[in-house]
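Next up, data_24.csv (CSV, N, CA and C atoms):
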```csv
chain,number,residue,atom,x,y,z
A,1,GLN,N,-104.8,5.8,118.1
A,1,GLN,CA,-105.9,5.6,117.2
A,1,GLN,C,-106.0,6.8,116.3
A,2,VAL,N,-105.8,6.6,114.9
A,2,VAL,CA,-105.9,7.6,114.0
A,2,VAL,C,-107.4,8.0,113.7
A,3,ARG,N,-107.7,9.3,113.8
A,3,ARG,CA,-109.0,9.7,113.5
A,3,ARG,C,-109.0,10.9,112.6
A,4,LEU,N,-109.9,10.9,111.6
A,4,LEU,CA,-110.0,12.0,110.7
A,4,LEU,C,-111.5,12.4,110.7
A,5,VAL,N,-111.8,13.7,110.9
A,5,VAL,CA,-113.2,14.1,111.0
A,5,VAL,C,-113.3,15.3,110.0
A,6,GLU,N,-114.1,15.1,109.0
A,6,GLU,CA,-114.4,16.2,108.0
A,6,GLU,C,-115.6,17.0,108.4
A,7,SER,N,-115.6,18.3,108.0
A,7,SER,CA,-116.7,19.2,108.2
A,7,SER,C,-116.7,20.2,107.2
A,8,GLY,N,-117.8,21.0,107.1
A,8,GLY,CA,-117.9,22.1,106.2
A,8,GLY,C,-118.7,21.9,104.9
A,9,GLY,N,-119.2,20.7,104.7
A,9,GLY,CA,-120.0,20.5,103.5
A,9,GLY,C,-121.4,21.1,103.6
A,10,GLY,N,-122.1,21.1,102.5
A,10,GLY,CA,-123.4,21.7,102.5
A,10,GLY,C,-123.9,21.9,101.1
A,11,LEU,N,-125.0,22.6,101.0
A,11,LEU,CA,-125.6,23.0,99.7
A,11,LEU,C,-125.2,24.4,99.3
A,12,VAL,N,-124.7,24.5,98.1
A,12,VAL,CA,-124.3,25.8,97.6
A,12,VAL,C,-124.7,25.9,96.1
A,13,GLN,N,-124.9,27.1,95.7
A,13,GLN,CA,-125.3,27.4,94.3
A,13,GLN,C,-124.1,27.3,93.4
A,14,PRO,N,-124.3,27.0,92.2
A,14,PRO,CA,-123.2,27.0,91.2
A,14,PRO,C,-122.5,28.4,91.2
A,15,GLY,N,-121.2,28.3,91.2
A,15,GLY,CA,-120.4,29.5,91.3
A,15,GLY,C,-120.0,29.9,92.7
A,16,GLY,N,-120.6,29.3,93.6
A,16,GLY,CA,-120.3,29.6,95.0
A,16,GLY,C,-119.1,28.9,95.6
A,17,SER,N,-118.9,29.1,96.9
A,17,SER,CA,-117.7,28.6,97.5
A,17,SER,C,-118.0,27.8,98.8
A,18,LEU,N,-117.2,26.9,99.1
A,18,LEU,CA,-117.2,26.2,100.4
A,18,LEU,C,-115.8,25.9,100.9
A,19,ARG,N,-115.6,25.8,102.2
A,19,ARG,CA,-114.3,25.5,102.7
A,19,ARG,C,-114.5,24.2,103.6
A,20,LEU,N,-113.9,23.2,103.2
A,20,LEU,CA,-113.9,21.9,104.0
A,20,LEU,C,-112.7,21.9,104.9
A,21,SER,N,-113.0,21.2,106.1
A,21,SER,CA,-111.9,21.0,107.0
A,21,SER,C,-111.8,19.6,107.4
A,22,CYS,N,-110.7,19.1,107.8
A,22,CYS,CA,-110.5,17.7,108.3
A,22,CYS,C,-109.6,17.8,109.5
A,23,ALA,N,-110.1,17.5,110.7
A,23,ALA,CA,-109.4,17.5,111.9
A,23,ALA,C,-108.7,16.1,112.1
A,24,ALA,N,-107.4,16.1,112.3
A,24,ALA,CA,-106.7,14.8,112.4
A,24,ALA,C,-106.2,14.7,113.8
A,25,SER,N,-106.2,13.4,114.3
A,25,SER,CA,-105.7,13.1,115.6
A,25,SER,C,-105.1,11.7,115.5
A,26,GLY,N,-104.2,11.4,116.5
A,26,GLY,CA,-103.6,10.1,116.5
A,26,GLY,C,-102.4,9.9,115.7
A,27,ILE,N,-102.0,10.9,115.0
A,27,ILE,CA,-100.8,10.9,114.2
A,27,ILE,C,-100.0,12.2,114.4
A,28,ASN,N,-98.7,12.1,114.1
A,28,ASN,CA,-97.9,13.4,114.1
A,28,ASN,C,-98.1,14.0,112.8
A,29,PHE,N,-99.2,14.8,112.8
A,29,PHE,CA,-99.8,15.3,111.6
A,29,PHE,C,-98.8,15.9,110.6
A,30,LYS,N,-97.8,16.7,111.1
A,30,LYS,CA,-96.9,17.4,110.2
A,30,LYS,C,-96.0,16.5,109.4
A,31,LEU,N,-95.9,15.3,109.8
A,31,LEU,CA,-95.0,14.3,109.1
A,31,LEU,C,-95.7,13.6,107.9
A,32,TYR,N,-97.0,13.8,107.7
A,32,TYR,CA,-97.7,13.0,106.8
A,32,TYR,C,-98.3,13.8,105.6
A,33,ALA,N,-98.2,13.2,104.4
A,33,ALA,CA,-99.0,13.7,103.3
A,33,ALA,C,-100.5,13.5,103.6
A,34,MET,N,-101.3,14.5,103.1
A,34,MET,CA,-102.7,14.4,103.3
A,34,MET,C,-103.4,14.5,102.0
A,35,LYS,N,-104.6,13.9,101.9
A,35,LYS,CA,-105.3,13.9,100.6
A,35,LYS,C,-106.7,14.2,100.8
A,36,TRP,N,-107.3,14.8,99.7
A,36,TRP,CA,-108.8,14.9,99.6
A,36,TRP,C,-109.2,14.0,98.5
A,37,TYR,N,-110.3,13.3,98.7
A,37,TYR,CA,-110.9,12.5,97.7
A,37,TYR,C,-112.4,12.9,97.7
A,38,ARG,N,-113.1,12.5,96.6
A,38,ARG,CA,-114.5,12.6,96.5
A,38,ARG,C,-115.1,11.4,95.8
A,39,GLN,N,-116.4,11.2,96.1
A,39,GLN,CA,-117.1,10.0,95.6
A,39,GLN,C,-118.5,10.3,95.3
A,40,VAL,N,-118.9,9.9,94.1
A,40,VAL,CA,-120.3,10.0,93.7
A,40,VAL,C,-120.9,8.6,93.8
A,41,PRO,N,-122.1,8.4,94.2
A,41,PRO,CA,-122.7,7.0,94.3
A,41,PRO,C,-122.6,6.3,93.0
A,42,GLY,N,-122.1,5.1,93.0
A,42,GLY,CA,-121.9,4.3,91.8
A,42,GLY,C,-120.6,4.5,91.1
A,43,LYS,N,-119.8,5.4,91.6
A,43,LYS,CA,-118.5,5.7,91.0
A,43,LYS,C,-117.4,5.4,92.0
A,44,GLU,N,-116.2,5.2,91.4
A,44,GLU,CA,-115.0,5.0,92.3
A,44,GLU,C,-114.6,6.4,93.0
A,45,ARG,N,-114.0,6.2,94.1
A,45,ARG,CA,-113.5,7.4,94.9
A,45,ARG,C,-112.4,8.0,94.1
A,46,GLU,N,-112.4,9.3,93.9
A,46,GLU,CA,-111.5,10.0,93.1
A,46,GLU,C,-110.6,10.9,93.9
A,47,LEU,N,-109.3,10.8,93.7
A,47,LEU,CA,-108.3,11.6,94.3
A,47,LEU,C,-108.3,13.0,93.7
A,48,ILE,N,-108.5,14.1,94.4
A,48,ILE,CA,-108.6,15.4,93.8
A,48,ILE,C,-107.5,16.3,94.3
A,49,ALA,N,-106.9,16.1,95.4
A,49,ALA,CA,-105.9,17.0,95.9
A,49,ALA,C,-105.0,16.4,96.9
A,50,THR,N,-103.7,16.7,96.8
A,50,THR,CA,-102.7,16.1,97.8
A,50,THR,C,-101.8,17.3,98.3
A,51,ILE,N,-101.4,17.2,99.5
A,51,ILE,CA,-100.4,18.1,100.1
A,51,ILE,C,-99.4,17.2,100.8
A,52,THR,N,-98.1,17.4,100.5
A,52,THR,CA,-97.1,16.7,101.2
A,52,THR,C,-96.8,17.3,102.5
A,53,SER,N,-95.9,16.6,103.3
A,53,SER,CA,-95.5,17.1,104.6
A,53,SER,C,-94.8,18.4,104.4
A,54,ALA,N,-94.2,18.6,103.3
A,54,ALA,CA,-93.4,19.8,103.0
A,54,ALA,C,-94.3,21.0,102.4
A,55,GLY,N,-95.6,20.6,102.2
A,55,GLY,CA,-96.5,21.7,101.7
A,55,GLY,C,-96.6,21.7,100.2
A,56,GLN,N,-96.0,20.8,99.5
A,56,GLN,CA,-96.2,20.7,98.0
A,56,GLN,C,-97.6,20.2,97.7
A,57,THR,N,-98.2,20.8,96.7
A,57,THR,CA,-99.6,20.4,96.4
A,57,THR,C,-99.7,19.9,95.0
A,58,ASN,N,-100.8,19.1,94.8
A,58,ASN,CA,-101.1,18.6,93.5
A,58,ASN,C,-102.6,18.4,93.4
A,59,TYR,N,-103.1,18.6,92.2
A,59,TYR,CA,-104.6,18.6,91.9
A,59,TYR,C,-104.9,17.8,90.7
A,60,THR,N,-106.0,17.2,90.7
A,60,THR,CA,-106.5,16.6,89.5
A,60,THR,C,-107.0,17.8,88.6
A,61,ASP,N,-107.0,17.6,87.3
A,61,ASP,CA,-107.3,18.6,86.3
A,61,ASP,C,-108.6,19.3,86.6
A,62,SER,N,-109.6,18.5,86.9
A,62,SER,CA,-111.0,19.0,87.0
A,62,SER,C,-111.2,20.1,88.1
A,63,VAL,N,-110.2,20.1,89.1
A,63,VAL,CA,-110.4,21.1,90.2
A,63,VAL,C,-109.3,22.1,90.2
A,64,LYS,N,-108.3,21.9,89.4
A,64,LYS,CA,-107.1,22.8,89.3
A,64,LYS,C,-107.6,24.2,89.1
A,65,ASP,N,-107.0,25.2,89.8
A,65,ASP,CA,-107.3,26.6,89.7
A,65,ASP,C,-108.7,27.0,90.3
A,66,ARG,N,-109.4,26.0,90.8
A,66,ARG,CA,-110.6,26.3,91.6
A,66,ARG,C,-110.5,25.9,93.0
A,67,PHE,N,-109.8,24.8,93.3
A,67,PHE,CA,-109.7,24.3,94.7
A,67,PHE,C,-108.3,24.6,95.2
A,68,THR,N,-108.2,24.8,96.5
A,68,THR,CA,-106.9,25.0,97.1
A,68,THR,C,-106.8,24.1,98.4
A,69,ILE,N,-105.8,23.2,98.4
A,69,ILE,CA,-105.6,22.4,99.6
A,69,ILE,C,-104.5,23.1,100.5
A,70,SER,N,-104.8,23.0,101.8
A,70,SER,CA,-103.8,23.6,102.7
A,70,SER,C,-103.8,22.9,104.0
A,71,ARG,N,-102.8,23.1,104.8
A,71,ARG,CA,-102.7,22.4,106.1
A,71,ARG,C,-102.3,23.4,107.2
A,72,ASN,N,-102.7,23.1,108.4
A,72,ASN,CA,-102.3,23.9,109.6
A,72,ASN,C,-101.7,22.9,110.5
A,73,ASN,N,-100.4,22.8,110.5
A,73,ASN,CA,-99.7,21.8,111.3
A,73,ASN,C,-99.6,22.1,112.8
A,74,VAL,N,-100.1,23.3,113.2
A,74,VAL,CA,-100.2,23.6,114.6
A,74,VAL,C,-101.5,23.1,115.2
A,75,ARG,N,-102.6,23.2,114.4
A,75,ARG,CA,-103.9,22.8,114.8
A,75,ARG,C,-104.3,21.4,114.3
A,76,ASN,N,-103.4,20.8,113.5
A,76,ASN,CA,-103.6,19.5,112.9
A,76,ASN,C,-104.9,19.5,112.0
A,77,ILE,N,-105.0,20.4,111.2
A,77,ILE,CA,-106.2,20.6,110.3
A,77,ILE,C,-105.8,20.6,108.9
A,78,LEU,N,-106.5,19.9,108.1
A,78,LEU,CA,-106.4,19.9,106.6
A,78,LEU,C,-107.6,20.7,106.1
A,79,ASN,N,-107.4,21.6,105.1
A,79,ASN,CA,-108.4,22.3,104.5
A,79,ASN,C,-108.5,22.1,103.0
A,80,LEU,N,-109.7,22.4,102.5
A,80,LEU,CA,-109.9,22.4,101.1
A,80,LEU,C,-110.8,23.6,100.8
A,81,GLN,N,-110.3,24.6,100.2
A,81,GLN,CA,-111.1,25.8,99.8
A,81,GLN,C,-111.5,25.5,98.3
A,82,MET,N,-112.9,25.6,98.2
A,82,MET,CA,-113.5,25.2,96.9
A,82,MET,C,-114.2,26.5,96.4
A,83,ASN,N,-113.8,27.0,95.3
A,83,ASN,CA,-114.4,28.2,94.6
A,83,ASN,C,-114.9,27.8,93.3
A,84,SER,N,-115.8,28.7,92.7
A,84,SER,CA,-116.4,28.5,91.4
A,84,SER,C,-117.0,27.1,91.3
A,85,LEU,N,-117.7,26.7,92.3
A,85,LEU,CA,-118.3,25.3,92.3
A,85,LEU,C,-119.2,25.1,91.2
A,86,LYS,N,-119.2,23.8,90.7
A,86,LYS,CA,-120.0,23.4,89.6
A,86,LYS,C,-120.9,22.2,90.0
A,87,PRO,N,-122.0,22.0,89.4
A,87,PRO,CA,-122.9,20.9,89.7
A,87,PRO,C,-122.1,19.6,89.7
A,88,GLU,N,-121.2,19.4,88.8
A,88,GLU,CA,-120.4,18.2,88.8
A,88,GLU,C,-119.4,18.0,89.9
A,89,ASP,N,-119.3,19.0,90.8
A,89,ASP,CA,-118.5,18.9,92.0
A,89,ASP,C,-119.3,18.2,93.1
A,90,THR,N,-120.6,18.0,92.9
A,90,THR,CA,-121.5,17.4,93.9
A,90,THR,C,-120.9,16.0,94.2
A,91,ALA,N,-120.6,15.7,95.4
A,91,ALA,CA,-120.1,14.4,95.8
A,91,ALA,C,-119.9,14.4,97.4
A,92,ARG,N,-119.5,13.3,97.9
A,92,ARG,CA,-119.1,13.2,99.3
A,92,ARG,C,-117.6,13.3,99.3
A,93,TYR,N,-117.1,14.2,100.1
A,93,TYR,CA,-115.7,14.5,100.2
A,93,TYR,C,-115.0,13.9,101.4
A,94,TYR,N,-113.9,13.2,101.2
A,94,TYR,CA,-113.2,12.5,102.3
A,94,TYR,C,-111.7,13.0,102.4
A,95,CYS,N,-111.2,13.1,103.6
A,95,CYS,CA,-109.8,13.3,103.7
A,95,CYS,C,-109.2,11.9,104.1
A,96,SER,N,-107.9,11.8,103.8
A,96,SER,CA,-107.2,10.6,103.9
A,96,SER,C,-105.8,10.8,104.2
A,97,THR,N,-105.2,9.8,104.8
A,97,THR,CA,-103.7,9.7,104.9
A,97,THR,C,-103.3,8.3,105.0
A,98,THR,N,-102.0,8.1,104.8
A,98,THR,CA,-101.4,6.7,104.9
A,98,THR,C,-100.4,6.8,106.0
A,99,ALA,N,-100.7,6.0,107.0
A,99,ALA,CA,-99.8,5.9,108.2
A,99,ALA,C,-99.8,4.5,108.8
A,100,PHE,N,-98.6,4.2,109.3
A,100,PHE,CA,-98.5,2.9,110.0
A,100,PHE,C,-98.9,1.8,109.0
A,101,GLY,N,-98.6,2.0,107.7
A,101,GLY,CA,-98.8,0.9,106.7
A,101,GLY,C,-100.2,0.7,106.2
A,102,ARG,N,-101.1,1.7,106.5
A,102,ARG,CA,-102.5,1.5,106.0
A,102,ARG,C,-103.1,2.9,105.8
A,103,ASN,N,-104.1,2.8,105.0
A,103,ASN,CA,-104.9,4.1,104.7
A,103,ASN,C,-105.9,4.3,105.7
A,104,PHE,N,-106.1,5.6,106.1
A,104,PHE,CA,-107.1,6.0,107.0
A,104,PHE,C,-108.0,7.0,106.3
A,105,TRP,N,-109.3,7.0,106.6
A,105,TRP,CA,-110.3,7.8,106.0
A,105,TRP,C,-111.2,8.4,107.1
A,106,GLY,N,-111.7,9.6,106.8
A,106,GLY,CA,-112.8,10.1,107.6
A,106,GLY,C,-114.1,9.6,107.2
A,107,GLN,N,-115.2,10.1,107.8
A,107,GLN,CA,-116.5,9.6,107.4
A,107,GLN,C,-117.1,10.4,106.2
A,108,GLY,N,-116.4,11.5,105.9
A,108,GLY,CA,-116.9,12.2,104.7
A,108,GLY,C,-117.8,13.4,105.0
A,109,THR,N,-117.9,14.3,104.1
A,109,THR,CA,-118.9,15.4,104.3
A,109,THR,C,-119.5,15.7,102.9
A,110,GLN,N,-120.8,15.8,102.8
A,110,GLN,CA,-121.5,15.9,101.6
A,110,GLN,C,-121.5,17.3,101.1
A,111,VAL,N,-121.1,17.5,99.8
A,111,VAL,CA,-121.2,18.8,99.1
A,111,VAL,C,-122.2,18.6,97.9
A,112,THR,N,-123.2,19.5,97.9
A,112,THR,CA,-124.1,19.5,96.9
A,112,THR,C,-124.2,20.9,96.2
A,113,VAL,N,-123.9,20.9,94.9
A,113,VAL,CA,-123.9,22.1,94.1
A,113,VAL,C,-125.2,22.1,93.3
A,114,SER,N,-126.1,23.0,93.6
A,114,SER,CA,-127.4,23.0,92.9
A,114,SER,C,-128.1,24.4,93.0
A,115,SER,N,-128.8,24.8,92.0
A,115,SER,CA,-129.6,26.0,92.1
A,115,SER,C,-131.0,25.7,92.6
```

Written form, structure tokens:
Amino acid sequence: QVRLVESGGGLVQPGGSLRLSCAASGINFKLYAMKWYRQVPGKERELIATITSAGQTNYTDSVKDRFTISRNNVRNILNLQMNSLKPEDTARYYCSTTAFGRNFWGQGTQVTVSS
């Protein structure tokens, strides 16, 4: 059973930082690409960062140079370091992977950027 559990969200002031984590179980974590998405109510879920099994990363333009995706293949944890946060980064953040022919999602963690 694949399980993804996000943590690390919260309320932060503009310009601040947060580090999100996603604990994965039920898969051979090191073999799978992992992704971070975010969603604002009323809008589609947005892919913001990807890391391949080889560690190659890709970012959507709006978070490039501010967010860093990384993975710990020993602890089976996916991270998202978010710096220089802006109010428009406010969203629920989800980690995801595709395994066994389907997409898996965590329950998400809320990030609110506000003064």

Once you count only C-alpha atoms, what closest atom pair and distance in Å to one decimal does each residue of segment 36-75 of chain A within 10 Å of segment 87-101 of chain A have, with rows by chain and rising residue number, as a Markdown table?
```
| residue | atom | partner | partner_atom | distance |
| --- | --- | --- | --- | --- |
| A:Trp36 | CA | A:Cys95 | CA | 4.5 |
| A:Tyr37 | CA | A:Tyr94 | CA | 5.1 |
| A:Arg38 | CA | A:Tyr93 | CA | 4.3 |
| A:Gln39 | CA | A:Arg92 | CA | 5.3 |
| A:Val40 | CA | A:Ala91 | CA | 4.9 |
| A:Pro41 | CA | A:Ala91 | CA | 8.0 |
| A:Arg45 | CA | A:Tyr94 | CA | 9.0 |
| A:Glu46 | CA | A:Tyr93 | CA | 9.4 |
| A:Leu47 | CA | A:Tyr94 | CA | 9.4 |
| A:Ile48 | CA | A:Tyr93 | CA | 9.6 |
| A:Ala49 | CA | A:Cys95 | CA | 9.5 |
| A:Thr50 | CA | A:Ser96 | CA | 9.4 |
| A:Ser62 | CA | A:Asp89 | CA | 9.0 |
| A:Val63 | CA | A:Asp89 | CA | 8.6 |
```

Next, the residues of the selection above should be written as a PDB file, in the coordinates of the input with N, CA and C atoms.
```
ATOM      1  N   TRP A  36    -107.300  14.800  99.700  1.00  0.00           N
ATOM      2  CA  TRP A  36    -108.800  14.900  99.600  1.00  0.00           C
ATOM      3  C   TRP A  36    -109.200  14.000  98.500  1.00  0.00           C
ATOM      4  N   TYR A  37    -110.300  13.300  98.700  1.00  0.00           N
ATOM      5  CA  TYR A  37    -110.900  12.500  97.700  1.00  0.00           C
ATOM      6  C   TYR A  37    -112.400  12.900  97.700  1.00  0.00           C
ATOM      7  N   ARG A  38    -113.100  12.500  96.600  1.00  0.00           N
ATOM      8  CA  ARG A  38    -114.500  12.600  96.500  1.00  0.00           C
ATOM      9  C   ARG A  38    -115.100  11.400  95.800  1.00  0.00           C
ATOM     10  N   GLN A  39    -116.400  11.200  96.100  1.00  0.00           N
ATOM     11  CA  GLN A  39    -117.100  10.000  95.600  1.00  0.00           C
ATOM     12  C   GLN A  39    -118.500  10.300  95.300  1.00  0.00           C
ATOM     13  N   VAL A  40    -118.900   9.900  94.100  1.00  0.00           N
ATOM     14  CA  VAL A  40    -120.300  10.000  93.700  1.00  0.00           C
ATOM     15  C   VAL A  40    -120.900   8.600  93.800  1.00  0.00           C
ATOM     16  N   PRO A  41    -122.100   8.400  94.200  1.00  0.00           N
ATOM     17  CA  PRO A  41    -122.700   7.000  94.300  1.00  0.00           C
ATOM     18  C   PRO A  41    -122.600   6.300  93.000  1.00  0.00           C
ATOM     19  N   ARG A  45    -114.000   6.200  94.100  1.00  0.00           N
ATOM     20  CA  ARG A  45    -113.500   7.400  94.900  1.00  0.00           C
ATOM     21  C   ARG A  45    -112.400   8.000  94.100  1.00  0.00           C
ATOM     22  N   GLU A  46    -112.400   9.300  93.900  1.00  0.00           N
ATOM     23  CA  GLU A  46    -111.500  10.000  93.100  1.00  0.00           C
ATOM     24  C   GLU A  46    -110.600  10.900  93.900  1.00  0.00           C
ATOM     25  N   LEU A  47    -109.300  10.800  93.700  1.00  0.00           N
ATOM     26  CA  LEU A  47    -108.300  11.600  94.300  1.00  0.00           C
ATOM     27  C   LEU A  47    -108.300  13.000  93.700  1.00  0.00           C
ATOM     28  N   ILE A  48    -108.500  14.100  94.400  1.00  0.00           N
ATOM     29  CA  ILE A  48    -108.600  15.400  93.800  1.00  0.00           C
ATOM     30  C   ILE A  48    -107.500  16.300  94.300  1.00  0.00           C
ATOM     31  N   ALA A  49    -106.900  16.100  95.400  1.00  0.00           N
ATOM     32  CA  ALA A  49    -105.900  17.000  95.900  1.00  0.00           C
ATOM     33  C   ALA A  49    -105.000  16.400  96.900  1.00  0.00           C
ATOM     34  N   THR A  50    -103.700  16.700  96.800  1.00  0.00           N
ATOM     35  CA  THR A  50    -102.700  16.100  97.800  1.00  0.00           C
ATOM     36  C   THR A  50    -101.800  17.300  98.300  1.00  0.00           C
ATOM     37  N   SER A  62    -109.600  18.500  86.900  1.00  0.00           N
ATOM     38  CA  SER A  62    -111.000  19.000  87.000  1.00  0.00           C
ATOM     39  C   SER A  62    -111.200  20.100  88.100  1.00  0.00           C
ATOM     40  N   VAL A  63    -110.200  20.100  89.100  1.00  0.00           N
ATOM     41  CA  VAL A  63    -110.400  21.100  90.200  1.00  0.00           C
ATOM     42  C   VAL A  63    -109.300  22.100  90.200  1.00  0.00           C
TER      43      VAL A  63
END
```

Close residues, Ile77 of chain A itself excluded, 7 Å, all atoms listed in the file, min 2 positions apart in chain, as a PyMOL selection string: chain A and resi 21-24+70-75+79

So how many Å separate atom N of Gly15 of chain A and atom N of Trp105 of chain A, to one decimal?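 Between atom N of Gly15 of chain A and atom N of Trp105 of chain A the gap works out to 28.9 Å.
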
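Of the residues under consideration (A:Ser114, A:Phe67, A:Ser25, A:Arg19), A:Ser25 shows the shortest atom-to-atom contact distance to Val5 of chain A when counting all atoms listed in the file.
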
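With atom N of Arg3 of chain A on one side and atom CA of Thr109 of chain A on the other, the separation reads 15.9 Å.
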
In terms of the shortest atom-to-atom distance over all atoms listed in the file, which of A:Gln13, A:Ser115, A:Leu4, A:Gln110 is closest to Gly26 of chain A?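 Nearest to Gly26 of chain A: A:Leu4.
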
Could you add the missing atoms to segment 77-90 of chain A, up to N, CA, C and O atoms, and return them as a PDB file, keeping the file's coordinate frame?
```pdb
ATOM      1  N   ILE A  77    -105.000  20.400 111.200  1.00  0.00           N
ATOM      2  CA  ILE A  77    -106.200  20.600 110.300  1.00  0.00           C
ATOM      3  C   ILE A  77    -105.800  20.600 108.900  1.00  0.00           C
ATOM      4  O   ILE A  77    -104.870  21.369 108.522  1.00  0.00           O
ATOM      5  N   LEU A  78    -106.500  19.900 108.100  1.00  0.00           N
ATOM      6  CA  LEU A  78    -106.400  19.900 106.600  1.00  0.00           C
ATOM      7  C   LEU A  78    -107.600  20.700 106.100  1.00  0.00           C
ATOM      8  O   LEU A  78    -108.719  20.474 106.530  1.00  0.00           O
ATOM      9  N   ASN A  79    -107.400  21.600 105.100  1.00  0.00           N
ATOM     10  CA  ASN A  79    -108.400  22.300 104.500  1.00  0.00           C
ATOM     11  C   ASN A  79    -108.500  22.100 103.000  1.00  0.00           C
ATOM     12  O   ASN A  79    -107.563  21.755 102.365  1.00  0.00           O
ATOM     13  N   LEU A  80    -109.700  22.400 102.500  1.00  0.00           N
ATOM     14  CA  LEU A  80    -109.900  22.400 101.100  1.00  0.00           C
ATOM     15  C   LEU A  80    -110.800  23.600 100.800  1.00  0.00           C
ATOM     16  O   LEU A  80    -112.037  23.554 101.085  1.00  0.00           O
ATOM     17  N   GLN A  81    -110.300  24.600 100.200  1.00  0.00           N
ATOM     18  CA  GLN A  81    -111.100  25.800  99.800  1.00  0.00           C
ATOM     19  C   GLN A  81    -111.500  25.500  98.300  1.00  0.00           C
ATOM     20  O   GLN A  81    -110.747  25.295  97.442  1.00  0.00           O
ATOM     21  N   MET A  82    -112.900  25.600  98.200  1.00  0.00           N
ATOM     22  CA  MET A  82    -113.500  25.200  96.900  1.00  0.00           C
ATOM     23  C   MET A  82    -114.200  26.500  96.400  1.00  0.00           C
ATOM     24  O   MET A  82    -115.153  26.930  97.004  1.00  0.00           O
ATOM     25  N   ASN A  83    -113.800  27.000  95.300  1.00  0.00           N
ATOM     26  CA  ASN A  83    -114.400  28.200  94.600  1.00  0.00           C
ATOM     27  C   ASN A  83    -114.900  27.800  93.300  1.00  0.00           C
ATOM     28  O   ASN A  83    -114.596  26.743  92.706  1.00  0.00           O
ATOM     29  N   SER A  84    -115.800  28.700  92.700  1.00  0.00           N
ATOM     30  CA  SER A  84    -116.400  28.500  91.400  1.00  0.00           C
ATOM     31  C   SER A  84    -117.000  27.100  91.300  1.00  0.00           C
ATOM     32  O   SER A  84    -116.727  26.360  90.307  1.00  0.00           O
ATOM     33  N   LEU A  85    -117.700  26.700  92.300  1.00  0.00           N
ATOM     34  CA  LEU A  85    -118.300  25.300  92.300  1.00  0.00           C
ATOM     35  C   LEU A  85    -119.200  25.100  91.200  1.00  0.00           C
ATOM     36  O   LEU A  85    -119.998  25.971  90.785  1.00  0.00           O
ATOM     37  N   LYS A  86    -119.200  23.800  90.700  1.00  0.00           N
ATOM     38  CA  LYS A  86    -120.000  23.400  89.600  1.00  0.00           C
ATOM     39  C   LYS A  86    -120.900  22.200  90.000  1.00  0.00           C
ATOM     40  O   LYS A  86    -120.580  21.524  90.976  1.00  0.00           O
ATOM     41  N   PRO A  87    -122.000  22.000  89.400  1.00  0.00           N
ATOM     42  CA  PRO A  87    -122.900  20.900  89.700  1.00  0.00           C
ATOM     43  C   PRO A  87    -122.100  19.600  89.700  1.00  0.00           C
ATOM     44  O   PRO A  87    -122.415  18.690  90.558  1.00  0.00           O
ATOM     45  N   GLU A  88    -121.200  19.400  88.800  1.00  0.00           N
ATOM     46  CA  GLU A  88    -120.400  18.200  88.800  1.00  0.00           C
ATOM     47  C   GLU A  88    -119.400  18.000  89.900  1.00  0.00           C
ATOM     48  O   GLU A  88    -118.804  16.968  90.070  1.00  0.00           O
ATOM     49  N   ASP A  89    -119.300  19.000  90.800  1.00  0.00           N
ATOM     50  CA  ASP A  89    -118.500  18.900  92.000  1.00  0.00           C
ATOM     51  C   ASP A  89    -119.300  18.200  93.100  1.00  0.00           C
ATOM     52  O   ASP A  89    -118.791  17.920  94.208  1.00  0.00           O
ATOM     53  N   THR A  90    -120.600  18.000  92.900  1.00  0.00           N
ATOM     54  CA  THR A  90    -121.500  17.400  93.900  1.00  0.00           C
ATOM     55  C   THR A  90    -120.900  16.000  94.200  1.00  0.00           C
ATOM     56  O   THR A  90    -120.772  15.143  93.260  1.00  0.00           O
TER      57      THR A  90
END
```
